[in-house]
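Asker: My structure is below; once you've seen it, I'll send some questions.
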Amino acid sequence: MNVAPHYVRTPCSPVPDATDCRTILARLCALLTLTSLLSLPIMASADYRVSAYKGTPGYNQIMTEQYTQAAAVAASRTAYAPQYALAANLCVSELKRDALTAALKSCTRALNSVSSYRSATFTPQDRRKGTSEMLSNRGVVLALQGSVEAAENDFTRALDLDPDNANAIQNLKYLRSNLLASSNSAD
């Protein structure tokens, strides 16, 4: 059974509570900083993006923002789906619950699982694309943990495997724009 990733369109923000007034002010300041950088080639959207696997246990709960249930379902040993897809959904649900250490372990497990997954219908292109998605997901976790160099490395490796990986492209742009913004504010 091959499962294609489906992008989770909800943003993964380093700011836990988007309704807090300080958060809104911080995002407004970030937006103003980004609009002042319009002449630069690197522009990014508001947040990091991750991939979950549609039609795989835990996906429906992720899409309805029931992350605790999603983690329980994706971690179930009885679920029938490729282990890389289950581990990816577990990674996303843990990430969305701000359990970054657990998310990093799940993303790494998903990455290892996709590289060792065997199926008659799982092509080398499927493996490259799956590995690229898992690297991008793990890069988001690393970025949110503050491991910027490791995150950039994962995003770059993801793009080496699949230059059309929209999440990796967006995540790398967002990471670099944050680095640029923080270096400009330090001056």
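Labels used: A, B, ... for chains in the order of the structure tokens, numbers from 1 for residues in each chain, and numbers from 1 for ligands as shown.
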Which residues in range 52-94 of chain A does DSSP call helix (DSSP H, G or I)? List them as a ChimeraX atom specification.
Answerer: /A:59-63,67-75,83-94
Asker: I'd like the interatomic distance between CA of Leu135 in chain A and CA of Ala158 in chain A, to a tenth of an Å.
Answerer: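 Computing it gives 5.5 Å between the two atoms.
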Asker: Report the distance between CA of Ala70 in chain A and CA of Tyr53 in chain A in Å, rounded to one decimal place.
Answerer: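 So the two atoms, CA of Ala70 in chain A and CA of Tyr53 in chain A, lie 11.8 Å apart.
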Asker: Residues at most 7 Å from range 165-168 of chain A, counting only C-alpha atoms, excluding those fewer than 6 positions away in the same chain, as a list in words?
Answerer: Arg49, Val50, Ser136, Phe155, Ala158 and Leu159 of chain A
Asker: Got time to write the residues from that selection, C-alpha atoms, as a compact mmCIF listing (two decimals), in the first residue's frame?
Answerer:
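Wrote it out as selection11.txt, contents follow:
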```
# COMPACT_ATOMS: atom_id res chain seq x y z
CA ARG A 49 4.39 23.80 6.50
CA VAL A 50 4.32 20.07 7.20
CA SER A 136 11.10 18.77 5.41
CA PHE A 155 15.37 21.49 3.90
CA ALA A 158 14.80 17.58 0.83
CA LEU A 159 15.10 19.86 -2.19
```
